[in-house]
Structure formats: C-alpha cells, structure tokens
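Here's my_file-v5.cif, which has mmCIF, C-alpha atoms:
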data_structure
#
loop_
_atom_site.group_PDB
_atom_site.id
_atom_site.type_symbol
_atom_site.label_atom_id
_atom_site.label_comp_id
_atom_site.auth_asym_id
_atom_site.auth_seq_id
_atom_site.Cartn_x
_atom_site.Cartn_y
_atom_site.Cartn_z
ATOM 1 C CA MET A 1 0.000 0.000 0.000
ATOM 2 C CA LEU A 2 1.420 3.305 -1.046
ATOM 3 C CA LYS A 3 1.624 6.040 1.535
ATOM 4 C CA ARG A 4 0.590 9.506 0.375
ATOM 5 C CA GLN A 5 3.186 12.133 1.206
ATOM 6 C CA CYS A 6 2.050 15.777 1.372
ATOM 7 C CA ILE A 7 4.595 18.468 0.633
ATOM 8 C CA SER A 8 3.745 22.131 1.061
ATOM 9 C CA ILE A 9 5.397 24.436 -1.437
ATOM 10 C CA TYR A 10 5.193 28.215 -1.170
ATOM 11 C CA ASN A 11 6.326 29.792 -4.455
ATOM 12 C CA GLY A 12 9.013 27.151 -4.644
ATOM 13 C CA CYS A 13 10.721 28.421 -1.470
ATOM 14 C CA MET A 14 11.001 27.204 2.068
ATOM 15 C CA THR A 15 9.032 29.167 4.654
ATOM 16 C CA ARG A 16 11.338 31.394 6.678
ATOM 17 C CA ASN A 17 10.517 32.912 10.046
ATOM 18 C CA PHE A 18 12.117 35.711 12.040
ATOM 19 C CA ASP A 19 13.198 35.108 15.610
ATOM 20 C CA ILE A 20 11.427 37.821 17.642
ATOM 21 C CA ALA A 21 14.274 37.828 20.162
ATOM 22 C CA LEU A 22 16.743 38.773 17.423
ATOM 23 C CA ILE A 23 14.445 41.507 16.156
ATOM 24 C CA ARG A 24 14.021 42.925 19.664
ATOM 25 C CA THR A 25 17.780 42.940 20.206
ATOM 26 C CA PHE A 26 18.317 44.672 16.852
ATOM 27 C CA ALA A 27 15.750 47.400 17.641
ATOM 28 C CA THR A 28 17.241 47.962 21.094
ATOM 29 C CA VAL A 29 20.775 48.332 19.708
ATOM 30 C CA ALA A 30 19.439 50.761 17.080
ATOM 31 C CA ASP A 31 17.728 52.833 19.786
ATOM 32 C CA CYS A 32 20.722 52.871 22.117
ATOM 33 C CA GLY A 33 23.448 53.170 19.492
ATOM 34 C CA SER A 34 25.617 50.962 21.654
ATOM 35 C CA MET A 35 26.011 47.237 22.263
ATOM 36 C CA THR A 36 26.895 47.907 25.902
ATOM 37 C CA ILE A 37 23.832 50.025 26.667
ATOM 38 C CA ALA A 38 21.596 47.603 24.769
ATOM 39 C CA ALA A 39 23.014 44.725 26.819
ATOM 40 C CA ASN A 40 22.182 46.555 30.062
ATOM 41 C CA THR A 41 18.688 47.313 28.775
ATOM 42 C CA LEU A 42 18.036 43.689 27.790
ATOM 43 C CA HIS A 43 19.777 42.210 30.860
ATOM 44 C CA MET A 44 22.192 40.332 28.604
ATOM 45 C CA THR A 45 25.940 40.258 28.204
ATOM 46 C CA GLN A 46 27.498 42.394 25.497
ATOM 47 C CA GLY A 47 28.799 39.218 23.856
ATOM 48 C CA ALA A 48 25.302 37.747 23.653
ATOM 49 C CA VAL A 49 23.953 40.930 22.060
ATOM 50 C CA SER A 50 26.784 40.939 19.527
ATOM 51 C CA GLN A 51 26.136 37.284 18.673
ATOM 52 C CA GLN A 52 22.417 37.911 18.141
ATOM 53 C CA ILE A 53 23.118 40.833 15.804
ATOM 54 C CA LYS A 54 25.613 38.646 13.898
ATOM 55 C CA ARG A 55 22.985 35.874 13.565
ATOM 56 C CA LEU A 56 20.443 38.337 12.186
ATOM 57 C CA GLU A 57 22.988 39.774 9.739
ATOM 58 C CA ASP A 58 23.885 36.254 8.572
ATOM 59 C CA MET A 59 20.205 35.426 8.061
ATOM 60 C CA LEU A 60 19.642 38.562 5.964
ATOM 61 C CA GLY A 61 22.996 38.550 4.227
ATOM 62 C CA SER A 62 23.543 42.230 5.057
ATOM 63 C CA ALA A 63 25.444 44.273 7.611
ATOM 64 C CA LEU A 64 23.011 46.214 9.804
ATOM 65 C CA PHE A 65 25.407 48.538 11.661
ATOM 66 C CA THR A 66 28.654 50.376 11.073
ATOM 67 C CA ARG A 67 30.906 51.654 13.863
ATOM 68 C CA GLU A 68 31.604 55.380 14.263
ATOM 69 C CA LYS A 69 33.344 57.435 16.940
ATOM 70 C CA ARG A 70 30.053 58.272 18.646
ATOM 71 C CA GLY A 71 28.700 54.737 18.497
ATOM 72 C CA LEU A 72 26.880 52.505 16.060
ATOM 73 C CA ARG A 73 25.089 53.790 12.975
ATOM 74 C CA LEU A 74 22.495 51.919 10.927
ATOM 75 C CA THR A 75 23.472 50.882 7.416
ATOM 76 C CA ASN A 76 21.001 51.288 4.550
ATOM 77 C CA ALA A 77 19.864 47.715 5.163
ATOM 78 C CA GLY A 78 19.487 48.452 8.870
ATOM 79 C CA GLU A 79 17.372 51.534 8.141
ATOM 80 C CA ARG A 80 15.100 49.456 5.886
ATOM 81 C CA LEU A 81 14.707 46.805 8.566
ATOM 82 C CA LEU A 82 14.108 49.099 11.553
ATOM 83 C CA GLY A 83 10.644 50.406 10.656
ATOM 84 C CA ASN A 84 9.328 46.920 9.919
ATOM 85 C CA ALA A 85 11.054 45.566 13.025
ATOM 86 C CA ARG A 86 9.209 48.081 15.213
ATOM 87 C CA ARG A 87 5.868 47.170 13.669
ATOM 88 C CA LEU A 88 6.590 43.475 14.162
ATOM 89 C CA LEU A 89 7.483 43.985 17.831
ATOM 90 C CA ILE A 90 4.414 46.120 18.531
ATOM 91 C CA LEU A 91 2.164 43.528 16.873
ATOM 92 C CA ASN A 92 3.856 40.722 18.808
ATOM 93 C CA ASP A 93 3.467 42.563 22.130
ATOM 94 C CA ASP A 94 -0.130 43.574 21.410
ATOM 95 C CA ILE A 95 -1.096 39.982 20.560
ATOM 96 C CA TRP A 96 0.590 38.747 23.717
ATOM 97 C CA ALA A 97 -1.135 41.387 25.852
ATOM 98 C CA ASN A 98 -4.554 40.724 24.293
ATOM 99 C CA MET A 99 -4.263 36.966 24.808
ATOM 100 C CA THR A 100 -2.890 37.033 28.342
ATOM 101 C CA ASP A 101 -3.957 40.359 29.792
ATOM 102 C CA SER A 102 -6.479 40.478 32.614
ATOM 103 C CA THR A 103 -8.002 43.690 33.911
ATOM 104 C CA ILE A 104 -5.300 45.842 35.463
ATOM 105 C CA ALA A 105 -6.375 47.980 38.399
ATOM 106 C CA GLY A 106 -4.679 49.891 41.161
ATOM 107 C CA SER A 107 -2.325 52.837 41.058
ATOM 108 C CA VAL A 108 1.048 53.731 39.611
ATOM 109 C CA ARG A 109 3.394 56.581 40.483
ATOM 110 C CA LEU A 110 5.575 57.775 37.600
ATOM 111 C CA GLY A 111 8.551 60.055 38.151
ATOM 112 C CA VAL A 112 9.434 62.365 35.263
ATOM 113 C CA PRO A 113 11.950 65.221 34.789
ATOM 114 C CA TYR A 114 10.382 68.649 34.389
ATOM 115 C CA ASP A 115 11.389 69.067 30.750
ATOM 116 C CA LEU A 116 9.919 65.774 29.499
ATOM 117 C CA ILE A 117 6.392 65.970 30.862
ATOM 118 C CA GLY A 118 5.024 68.017 27.976
ATOM 119 C CA THR A 119 6.777 66.334 25.049
ATOM 120 C CA ALA A 120 6.663 62.673 24.005
ATOM 121 C CA LEU A 121 5.193 61.501 27.291
ATOM 122 C CA ALA A 122 1.727 63.084 26.953
ATOM 123 C CA PRO A 123 0.404 60.724 24.219
ATOM 124 C CA VAL A 124 1.878 57.739 26.061
ATOM 125 C CA LEU A 125 -0.038 58.555 29.224
ATOM 126 C CA LYS A 126 -3.227 59.214 27.251
ATOM 127 C CA SER A 127 -2.968 55.821 25.535
ATOM 128 C CA TYR A 128 -2.317 54.055 28.848
ATOM 129 C CA ALA A 129 -5.228 55.781 30.602
ATOM 130 C CA GLU A 130 -7.625 54.862 27.792
ATOM 131 C CA ARG A 131 -6.575 51.215 27.815
ATOM 132 C CA HIS A 132 -6.517 50.850 31.599
ATOM 133 C CA PRO A 133 -9.176 53.182 33.017
ATOM 134 C CA GLN A 134 -9.129 51.414 36.387
ATOM 135 C CA VAL A 135 -5.535 52.476 37.071
ATOM 136 C CA GLU A 136 -4.915 55.754 38.895
ATOM 137 C CA ILE A 137 -1.810 57.501 37.558
ATOM 138 C CA SER A 138 0.175 59.934 39.702
ATOM 139 C CA LEU A 139 2.945 62.073 38.185
ATOM 140 C CA ILE A 140 5.878 63.198 40.292
ATOM 141 C CA CYS A 141 8.091 65.818 38.619
ATOM 142 C CA ALA A 142 11.625 66.261 39.907
ATOM 143 C CA SER A 143 15.222 66.334 38.727
ATOM 144 C CA SER A 144 16.746 63.049 37.584
ATOM 145 C CA PRO A 145 18.998 62.525 40.653
ATOM 146 C CA ASP A 146 16.014 63.154 42.935
ATOM 147 C CA LEU A 147 13.894 60.674 40.954
ATOM 148 C CA LEU A 148 16.511 57.939 41.343
ATOM 149 C CA GLN A 149 16.532 58.562 45.089
ATOM 150 C CA ALA A 150 12.719 58.487 45.163
ATOM 151 C CA LEU A 151 12.734 55.137 43.349
ATOM 152 C CA ASP A 152 15.186 53.698 45.880
ATOM 153 C CA ASN A 153 12.985 55.010 48.707
ATOM 154 C CA GLY A 154 9.849 53.430 47.249
ATOM 155 C CA GLU A 155 8.227 56.830 46.669
ATOM 156 C CA ILE A 156 7.634 56.150 42.948
ATOM 157 C CA ASP A 157 6.972 52.920 41.027
ATOM 158 C CA LEU A 158 9.024 53.725 37.942
ATOM 159 C CA GLY A 159 11.000 56.676 36.698
ATOM 160 C CA ILE A 160 12.199 58.292 33.503
ATOM 161 C CA VAL A 161 15.690 59.654 34.087
ATOM 162 C CA GLU A 162 18.153 61.740 32.063
ATOM 163 C CA GLU A 163 21.800 60.652 32.314
ATOM 164 C CA PRO A 164 25.009 61.371 30.390
ATOM 165 C CA LEU A 165 25.332 58.665 27.744
ATOM 166 C CA ASP A 166 28.737 57.490 28.983
ATOM 167 C CA LEU A 167 27.353 57.123 32.526
ATOM 168 C CA SER A 168 24.022 55.611 31.503
ATOM 169 C CA ARG A 169 22.807 52.693 33.652
ATOM 170 C CA GLY A 170 19.098 52.444 32.877
ATOM 171 C CA GLU A 171 17.025 51.079 30.009
ATOM 172 C CA CYS A 172 17.693 53.424 27.111
ATOM 173 C CA LEU A 173 14.590 54.987 25.526
ATOM 174 C CA VAL A 174 16.046 57.939 23.622
ATOM 175 C CA VAL A 175 19.500 59.313 22.924
ATOM 176 C CA ASP A 176 19.602 63.080 22.453
ATOM 177 C CA ARG A 177 22.141 65.899 22.406
ATOM 178 C CA LEU A 178 22.217 68.517 25.140
ATOM 179 C CA VAL A 179 22.266 71.950 23.474
ATOM 180 C CA TRP A 180 22.295 75.593 24.464
ATOM 181 C CA VAL A 181 19.027 77.463 24.035
ATOM 182 C CA GLY A 182 18.301 81.180 23.960
ATOM 183 C CA ALA A 183 15.717 83.735 22.943
ATOM 184 C CA LYS A 184 15.054 84.381 19.265
ATOM 185 C CA ALA A 185 17.561 87.020 18.147
ATOM 186 C CA GLY A 186 18.617 87.324 21.787
ATOM 187 C CA ASN A 187 21.876 88.664 23.234
ATOM 188 C CA ALA A 188 22.108 86.907 26.609
ATOM 189 C CA TYR A 189 24.734 84.500 25.241
ATOM 190 C CA ARG A 190 27.047 87.460 24.533
ATOM 191 C CA LYS A 191 27.168 88.599 28.177
ATOM 192 C CA ASN A 192 30.110 88.020 30.478
ATOM 193 C CA PRO A 193 29.655 86.348 32.873
ATOM 194 C CA LEU A 194 27.199 84.174 30.976
ATOM 195 C CA PRO A 195 23.735 84.252 32.626
ATOM 196 C CA ILE A 196 22.380 80.707 32.966
ATOM 197 C CA SER A 197 18.916 79.556 34.010
ATOM 198 C CA MET A 198 18.597 75.979 35.294
ATOM 199 C CA VAL A 199 15.394 74.307 36.444
ATOM 200 C CA ALA A 200 16.891 73.104 39.743
ATOM 201 C CA ASP A 201 20.213 72.965 41.545
ATOM 202 C CA THR A 202 20.000 69.160 41.307
ATOM 203 C CA CYS A 203 19.352 69.225 37.528
ATOM 204 C CA ALA A 204 21.070 66.331 35.733
ATOM 205 C CA PHE A 205 22.436 68.751 33.114
ATOM 206 C CA ARG A 206 24.071 71.103 35.626
ATOM 207 C CA PRO A 207 27.425 69.300 36.140
ATOM 208 C CA SER A 208 27.921 68.831 32.386
ATOM 209 C CA VAL A 209 27.057 72.467 31.621
ATOM 210 C CA PHE A 210 29.394 73.915 34.230
ATOM 211 C CA ALA A 211 32.191 71.476 33.340
ATOM 212 C CA ALA A 212 31.977 72.519 29.674
ATOM 213 C CA LEU A 213 32.103 76.211 30.614
ATOM 214 C CA ALA A 214 35.027 75.687 32.989
ATOM 215 C CA GLU A 215 36.973 73.801 30.333
ATOM 216 C CA ASP A 216 36.230 76.610 27.867
ATOM 217 C CA GLY A 217 37.378 79.245 30.360
ATOM 218 C CA ARG A 218 33.979 80.976 30.298
ATOM 219 C CA ARG A 219 32.685 82.777 33.385
ATOM 220 C CA TRP A 220 29.016 82.325 34.309
ATOM 221 C CA ARG A 221 26.373 83.204 36.882
ATOM 222 C CA THR A 222 23.071 81.474 37.647
ATOM 223 C CA VAL A 223 19.879 83.470 37.214
ATOM 224 C CA PHE A 224 17.332 80.875 38.362
ATOM 225 C CA GLU A 225 17.452 77.427 40.026
ATOM 226 C CA ASN A 226 14.147 76.869 41.769
ATOM 227 C CA GLY A 227 12.483 73.732 40.306
ATOM 228 C CA ASN A 228 10.048 75.454 37.947
ATOM 229 C CA ILE A 229 10.223 74.746 34.200
ATOM 230 C CA GLU A 230 7.824 77.604 33.358
ATOM 231 C CA ALA A 231 9.978 80.170 35.162
ATOM 232 C CA THR A 232 13.133 78.802 33.547
ATOM 233 C CA THR A 233 11.516 79.078 30.120
ATOM 234 C CA ALA A 234 10.392 82.626 30.886
ATOM 235 C CA THR A 235 13.939 83.755 31.739
ATOM 236 C CA VAL A 236 15.120 82.401 28.392
ATOM 237 C CA ARG A 237 12.227 83.839 26.345
ATOM 238 C CA THR A 238 12.773 87.309 27.842
ATOM 239 C CA ASP A 239 16.510 87.075 27.049
ATOM 240 C CA LEU A 240 17.541 87.249 30.700
ATOM 241 C CA ALA A 241 19.568 84.046 30.394
ATOM 242 C CA VAL A 242 20.413 81.011 28.321
ATOM 243 C CA SER A 243 19.754 77.430 29.336
ATOM 244 C CA ALA A 244 20.665 73.890 28.283
ATOM 245 C CA TRP A 245 17.984 71.405 27.206
ATOM 246 C CA LEU A 246 17.725 68.250 25.166
ATOM 247 C CA ALA A 247 17.334 69.189 21.501
ATOM 248 C CA SER A 248 14.019 67.349 21.156
ATOM 249 C CA THR A 249 12.390 69.352 23.980
ATOM 250 C CA ILE A 250 13.125 72.893 22.773
ATOM 251 C CA PRO A 251 10.045 75.021 21.973
ATOM 252 C CA ALA A 252 9.822 76.341 18.402
ATOM 253 C CA ASP A 253 10.021 79.972 19.526
ATOM 254 C CA LEU A 254 13.532 79.573 20.991
ATOM 255 C CA ASP A 255 16.900 79.298 19.245
ATOM 256 C CA ILE A 256 19.535 76.578 19.502
ATOM 257 C CA LEU A 257 22.966 78.098 20.155
ATOM 258 C CA GLY A 258 26.367 76.536 19.617
ATOM 259 C CA ALA A 259 30.024 76.981 18.737
ATOM 260 C CA ASN A 260 29.272 79.779 16.243
ATOM 261 C CA ASP A 261 27.816 81.723 19.164
ATOM 262 C CA GLY A 262 30.908 81.195 21.303
ATOM 263 C CA LEU A 263 29.422 78.476 23.489
ATOM 264 C CA PRO A 264 31.153 75.131 24.166
ATOM 265 C CA ASP A 265 29.799 71.793 22.951
ATOM 266 C CA LEU A 266 27.673 69.854 25.416
ATOM 267 C CA PRO A 267 27.540 66.048 25.797
ATOM 268 C CA VAL A 268 25.026 63.494 24.589
ATOM 269 C CA PHE A 269 22.413 62.330 27.096
ATOM 270 C CA SER A 270 20.342 59.191 27.363
ATOM 271 C CA VAL A 271 16.715 59.222 28.510
ATOM 272 C CA ASN A 272 16.403 56.020 30.538
ATOM 273 C CA LEU A 273 13.603 54.001 32.072
ATOM 274 C CA TYR A 274 14.082 52.697 35.604
ATOM 275 C CA LEU A 275 11.984 50.101 37.395
ATOM 276 C CA PRO A 276 12.341 49.239 41.094
ATOM 277 C CA LYS A 277 14.892 46.632 42.143
ATOM 278 C CA SER A 278 12.068 44.600 43.644
ATOM 279 C CA GLU A 279 9.320 43.172 41.431
ATOM 280 C CA ALA A 280 7.258 45.891 39.749
ATOM 281 C CA THR A 281 3.475 45.963 40.173
ATOM 282 C CA PRO A 282 1.261 45.009 37.189
ATOM 283 C CA PRO A 283 0.210 48.672 36.584
ATOM 284 C CA ALA A 284 3.876 49.742 36.601
ATOM 285 C CA THR A 285 4.959 46.896 34.300
ATOM 286 C CA GLU A 286 2.220 47.737 31.803
ATOM 287 C CA LEU A 287 3.017 51.456 31.924
ATOM 288 C CA ALA A 288 6.672 50.638 31.260
ATOM 289 C CA ARG A 289 5.595 48.760 28.121
ATOM 290 C CA HIS A 290 3.565 51.739 26.903
ATOM 291 C CA ILE A 291 6.506 54.061 27.567
ATOM 292 C CA ARG A 292 8.865 51.842 25.563
ATOM 293 C CA GLU A 293 6.510 51.715 22.593
ATOM 294 C CA GLY A 294 5.716 55.418 22.724
ATOM 295 C CA MET A 295 9.111 56.953 23.392
ATOM 296 C CA MET A 296 11.679 54.706 21.746
ATOM 297 C CA ARG A 297 12.809 56.043 18.407
ATOM 298 C CA PRO A 298 15.844 55.643 16.091
ATOM 299 C CA ARG A 299 19.051 57.051 17.525
ATOM 300 C CA GLN A 300 19.250 60.541 16.021
ATOM 301 C CA ILE A 301 21.585 62.939 17.790
ATOM 302 C CA ALA A 302 20.764 66.528 17.013
ATOM 303 C CA THR A 303 23.545 69.024 16.451
ATOM 304 C CA ALA A 304 23.547 72.684 17.224
#
As structure tokens, please, write out the structure in this file.
Amino acid sequence: MLKRQCISIYNGCMTRNFDIALIRTFATVADCGSMTIAANTLHMTQGAVSQQIKRLEDMLGSALFTREKRGLRLTNAGERLLGNARRLLILNDDIWANMTDSTIAGSVRLGVPYDLIGTALAPVLKSYAERHPQVEISLICASSPDLLQALDNGEIDLGIVEEPLDLSRGECLVVDRLVWVGAKAGNAYRKNPLPISMVADTCAFRPSVFAALAEDGRRWRTVFENGNIEATTATVRTDLAVSAWLASTIPADLDILGANDGLPDLPVFSVNLYLPKSEATPPATELARHIREGMMRPRQIATA
C-alpha cells in the first residue's frame, strides 16, 4: 500500500521565520546606538547581544550597523529593517497582551523630569489611561537625581531619568544631544559672565554644563534654580539668560545656540527608564511597556 506524502510548497521556497528575540535585540541596539547600553537594557551580556546581531545579519545577508566614533550607525539595510522591526514587535506585544492580559487595576506613580512631561510623554499617558481606566496615575516631577533617590525610597513605582550617555545605567529609551538654548535674536549669550537659568540645583544637566564652561574658560552666573520649568523658560524667552535642554524638547520659539555663538559643545544624554529593584506591580509593568513603545525612536543625535 502506497503512503501519500504531502509536501507544502510556497512559491518554490522554504518558509522562513524571524526570531522575535533577534528583532528585539536589533531594535534595542538601534535605539541605544551601543552594544553595551543595549546589553544593560536587555539584561544580557554584550557578547550575547553581539552574537544575536551577527545571527540576524547572517540570516539577511547584510550588515546592519557600522561603527563610528560616537557609536553605532544603521546601514542602509538596517534603516530598511528598523521600521518593519518596530511594527513586528508592537504587533507581537499587542497579541501577547490581548491573549494574556487580565483587567489591570490599582495605582502607579511615575517620576518624570520637568522638561519631558510636555513632550513625548503626553500621548503615552493618554494611551495608557484609555486602555486601563481602572488604574490611577500619579505624576511626580523632579530632577533626575532626585527621581533615582525616590525610586530607591519606594516613593515612585518607575521613573524616567536623564543621564550622560557614557554614565548611563538604565534602560535606554532615547539618545539626544544637550544643546544651548536662547531667545530668538537674543543677546544673553554674549554677556560676560554668561547668565544661565537651570530648572533646579539638582538638575542632571548642571554638572555637564558647568564642566563645559570651565573647560572653555567661560565665566558664568546662575539666574534661576528653583524647580520650575515655566519660570526657567520665561527667563530664556525674555533674554535674561540662556539654558541647556535636550534638543528634542526645545520650543519652536527659541533658538539653539552653539560653537558659532561662542558656546562650548555639550555632551550626549540618554533618557532612561528605571523600574524598582524589587518586582514591579502590574500597573507599573504595563506602563513601562507603553513608555517603551511610545518613546523609543531611532538614535538621532541633534547638532547645534
């Protein structure tokens, strides 16, 4: 008796499937611009991250990254893959959440730096609140060092923190350049000593700003350091002072200043997500997922 053998043929080719883990590692490296930071984010060794990227490159027959002084840069093939990779990861995570998610209720306390609350975070919080109406969200605004201390003290459930890229320890969401900002057609940057307005005396940018000025031999004086982003913005808009913000957070009615204006270069910063060392609550874990999806973007460092 002859046995019937069924063979499935799809356009004459074998069916090929992506490994979601490789895609997630690739997207994380692209976001962080660094194997080391990506490894910390994914809780893997740098060697394991490198091996996964190599496996993906071998599968596709294309290099996905090139090395530059400031970190890794996507190749043309990597750029083509990244958009589809993000869509694949979002679909994967949405399917997983829809199939396994039960009603999430309770409360979550999110710590955020003053300058980030009105930018990319607003749509993330709106999306989370619509999906989980039974969760009460509390926002705590403070400087990044204070937020890390609050997380250690159990005063917040998760925090978004700004750190110099070379000192970054958290889960990288965005990499951005710290730049000088001043009033449109203003003259504050020409004054000596340079008038500077900082949101708080514990601002994460403060040490980098003053170190850059000291190295440049530029004298300065502080105009405002009182924990109020609106007042800081007002001192810049009225040309009383200059400030230093991440390039992506600068309002359209202010100018980015740089070397051509006699100001020293400032370092690159990483916007990082921190969860508590102990197990995070379900509302906090789900909010962290929304933050990752809403804030992570390709590593694009703005220049002045």
Residue nearest A:Trp220 among A:Ser197, A:Ser248, A:Ser62, A:Ser138 (counting all atoms listed in the file):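 Looking at the shortest contact to A:Trp220, the residue is A:Ser197.
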Neighbouring residues of A:Asp152 were defined as those with any atom within 10 Å, considering only C-alpha atoms; residues of the same chain fewer than 6 positions away were excluded. Please report them as a short mmCIF file (atom, residue, chain, number, x, y, z; two decimals) with C-alpha atoms, keeping the file's coordinate frame.
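Writing done, so here's result-v6.cif:
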data_model
loop_
_atom_site.label_atom_id
_atom_site.label_comp_id
_atom_site.auth_asym_id
_atom_site.auth_seq_id
_atom_site.Cartn_x
_atom_site.Cartn_y
_atom_site.Cartn_z
CA ASP A 146 16.01 63.15 42.94
CA LEU A 275 11.98 50.10 37.40
CA PRO A 276 12.34 49.24 41.09
CA LYS A 277 14.89 46.63 42.14
CA SER A 278 12.07 44.60 43.64
#
Apply the PyMOL selection byres ((chain A and resi 196) around 10) to the displayed file and report the matching residues as a PyMOL selection string. chain A and resi 180+182+188-189+193-195+197-198+209-210+220-225+232+235-236+240-244
Option closest in space to A:Leu165, from A:Leu42, A:Ala288, A:Val181, A:Ala204 [counting only C-alpha atoms]: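 Among the listed residues, the smallest separation from A:Leu165 belongs to A:Ala204.
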Calculated over only C-alpha atoms, which of the candidates A:Thr233, A:Gln134, A:Ser208, A:Ser107 has the smallest distance to A:Leu167?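 With only C-alpha atoms as the atom set, the closest residue is A:Ser208.
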Could you state the separation of atom CA of A:Ile250 and atom CA of A:Tyr274 in Å, given to one decimal place?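 Between atom CA of A:Ile250 and atom CA of A:Tyr274 the gap works out to 23.9 Å.
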Box for stretch 134-153 of chain A: with edges along x, y and z, all listed atoms inside and 5 Å added on each side, what are the centre and edge lengths in Å to one decimal, as AutoDock Vina command-line options?
--center_x 4.9 --center_y 58.9 --center_z 42.5 --size_x 38.1 --size_y 24.9 --size_z 22.3
Determine the residue set returned by the PyMOL selection byres ((chain A and resi 82) around 10) for the present structure, and present it as a list in words. Ile23, Phe26, Ala27, Ala30, Asp31, Leu64, Leu74, Ala77, Gly78, Glu79, Arg80, Leu81, Gly83, Asn84, Ala85, Arg86, Arg87, Leu88, Arg297 and Pro298 of chain A
Just the number, please: distance in Å from atom CA of A:Glu162 to atom CA of A:Ala280, one decimal.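 Pair atom CA of A:Glu162 / atom CA of A:Ala280 returns 20.7 Å.
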Separation of atom CA of A:Arg218 from atom CA of A:Ala142 in Å: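 Value for the atom CA of A:Ala142-atom CA of A:Arg218 distance: 28.4 Å.
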Of the candidates A:Ala185, A:Ala129, A:Val271, A:Ile156, which shows the shortest atom-to-atom distance to A:Leu173, using only C-alpha atoms? A:Val271
Repair of stretch 260-267 of chain A at the level of all heavy atoms, as a PDB file, in the frame of the given file:
ATOM      1  N   ASN A 260      29.260  78.519  16.991  1.00  0.00           N
ATOM      2  CA  ASN A 260      29.272  79.779  16.243  1.00  0.00           C
ATOM      3  C   ASN A 260      28.872  80.970  17.110  1.00  0.00           C
ATOM      4  O   ASN A 260      29.133  82.119  16.753  1.00  0.00           O
ATOM      5  CB  ASN A 260      28.337  79.692  15.034  1.00  0.00           C
ATOM      6  CG  ASN A 260      28.848  78.720  13.984  1.00  0.00           C
ATOM      7  OD1 ASN A 260      30.045  78.417  13.925  1.00  0.00           O
ATOM      8  ND2 ASN A 260      27.951  78.204  13.157  1.00  0.00           N
ATOM      9  N   ASP A 261      28.220  80.666  18.232  1.00  0.00           N
ATOM     10  CA  ASP A 261      27.816  81.723  19.164  1.00  0.00           C
ATOM     11  C   ASP A 261      28.772  81.824  20.347  1.00  0.00           C
ATOM     12  O   ASP A 261      28.488  82.523  21.328  1.00  0.00           O
ATOM     13  CB  ASP A 261      26.399  81.445  19.674  1.00  0.00           C
ATOM     14  CG  ASP A 261      25.406  81.281  18.538  1.00  0.00           C
ATOM     15  OD1 ASP A 261      25.192  82.257  17.797  1.00  0.00           O
ATOM     16  OD2 ASP A 261      24.865  80.169  18.379  1.00  0.00           O
ATOM     17  N   GLY A 262      29.900  81.133  20.257  1.00  0.00           N
ATOM     18  CA  GLY A 262      30.908  81.195  21.303  1.00  0.00           C
ATOM     19  C   GLY A 262      30.638  80.335  22.514  1.00  0.00           C
ATOM     20  O   GLY A 262      31.235  80.545  23.575  1.00  0.00           O
ATOM     21  N   LEU A 263      29.749  79.357  22.362  1.00  0.00           N
ATOM     22  CA  LEU A 263      29.422  78.476  23.489  1.00  0.00           C
ATOM     23  C   LEU A 263      30.018  77.085  23.268  1.00  0.00           C
ATOM     24  O   LEU A 263      30.037  76.584  22.135  1.00  0.00           O
ATOM     25  CB  LEU A 263      27.905  78.376  23.646  1.00  0.00           C
ATOM     26  CG  LEU A 263      27.200  79.685  24.013  1.00  0.00           C
ATOM     27  CD1 LEU A 263      25.695  79.511  24.013  1.00  0.00           C
ATOM     28  CD2 LEU A 263      27.668  80.201  25.376  1.00  0.00           C
ATOM     29  N   PRO A 264      30.501  76.442  24.322  1.00  0.00           N
ATOM     30  CA  PRO A 264      31.153  75.131  24.166  1.00  0.00           C
ATOM     31  C   PRO A 264      30.151  74.027  23.856  1.00  0.00           C
ATOM     32  O   PRO A 264      28.967  74.127  24.201  1.00  0.00           O
ATOM     33  CB  PRO A 264      31.810  74.895  25.526  1.00  0.00           C
ATOM     34  CG  PRO A 264      30.959  75.670  26.482  1.00  0.00           C
ATOM     35  CD  PRO A 264      30.509  76.892  25.733  1.00  0.00           C
ATOM     36  N   ASP A 265      30.639  72.966  23.210  1.00  0.00           N
ATOM     37  CA  ASP A 265      29.799  71.793  22.951  1.00  0.00           C
ATOM     38  C   ASP A 265      29.384  71.135  24.263  1.00  0.00           C
ATOM     39  O   ASP A 265      30.143  71.129  25.236  1.00  0.00           O
ATOM     40  CB  ASP A 265      30.542  70.779  22.079  1.00  0.00           C
ATOM     41  CG  ASP A 265      30.688  71.256  20.642  1.00  0.00           C
ATOM     42  OD1 ASP A 265      29.885  72.108  20.220  1.00  0.00           O
ATOM     43  OD2 ASP A 265      31.599  70.769  19.955  1.00  0.00           O
ATOM     44  N   LEU A 266      28.189  70.569  24.252  1.00  0.00           N
ATOM     45  CA  LEU A 266      27.673  69.854  25.416  1.00  0.00           C
ATOM     46  C   LEU A 266      27.525  68.375  25.069  1.00  0.00           C
ATOM     47  O   LEU A 266      27.413  68.019  23.895  1.00  0.00           O
ATOM     48  CB  LEU A 266      26.323  70.447  25.835  1.00  0.00           C
ATOM     49  CG  LEU A 266      26.368  71.901  26.313  1.00  0.00           C
ATOM     50  CD1 LEU A 266      24.964  72.435  26.560  1.00  0.00           C
ATOM     51  CD2 LEU A 266      27.209  72.034  27.578  1.00  0.00           C
ATOM     52  N   PRO A 267      27.521  67.498  26.064  1.00  0.00           N
ATOM     53  CA  PRO A 267      27.540  66.048  25.797  1.00  0.00           C
ATOM     54  C   PRO A 267      26.182  65.491  25.372  1.00  0.00           C
ATOM     55  O   PRO A 267      25.149  66.160  25.438  1.00  0.00           O
ATOM     56  CB  PRO A 267      27.959  65.447  27.142  1.00  0.00           C
ATOM     57  CG  PRO A 267      27.467  66.436  28.144  1.00  0.00           C
ATOM     58  CD  PRO A 267      27.632  67.787  27.506  1.00  0.00           C
TER      59      PRO A 267
END
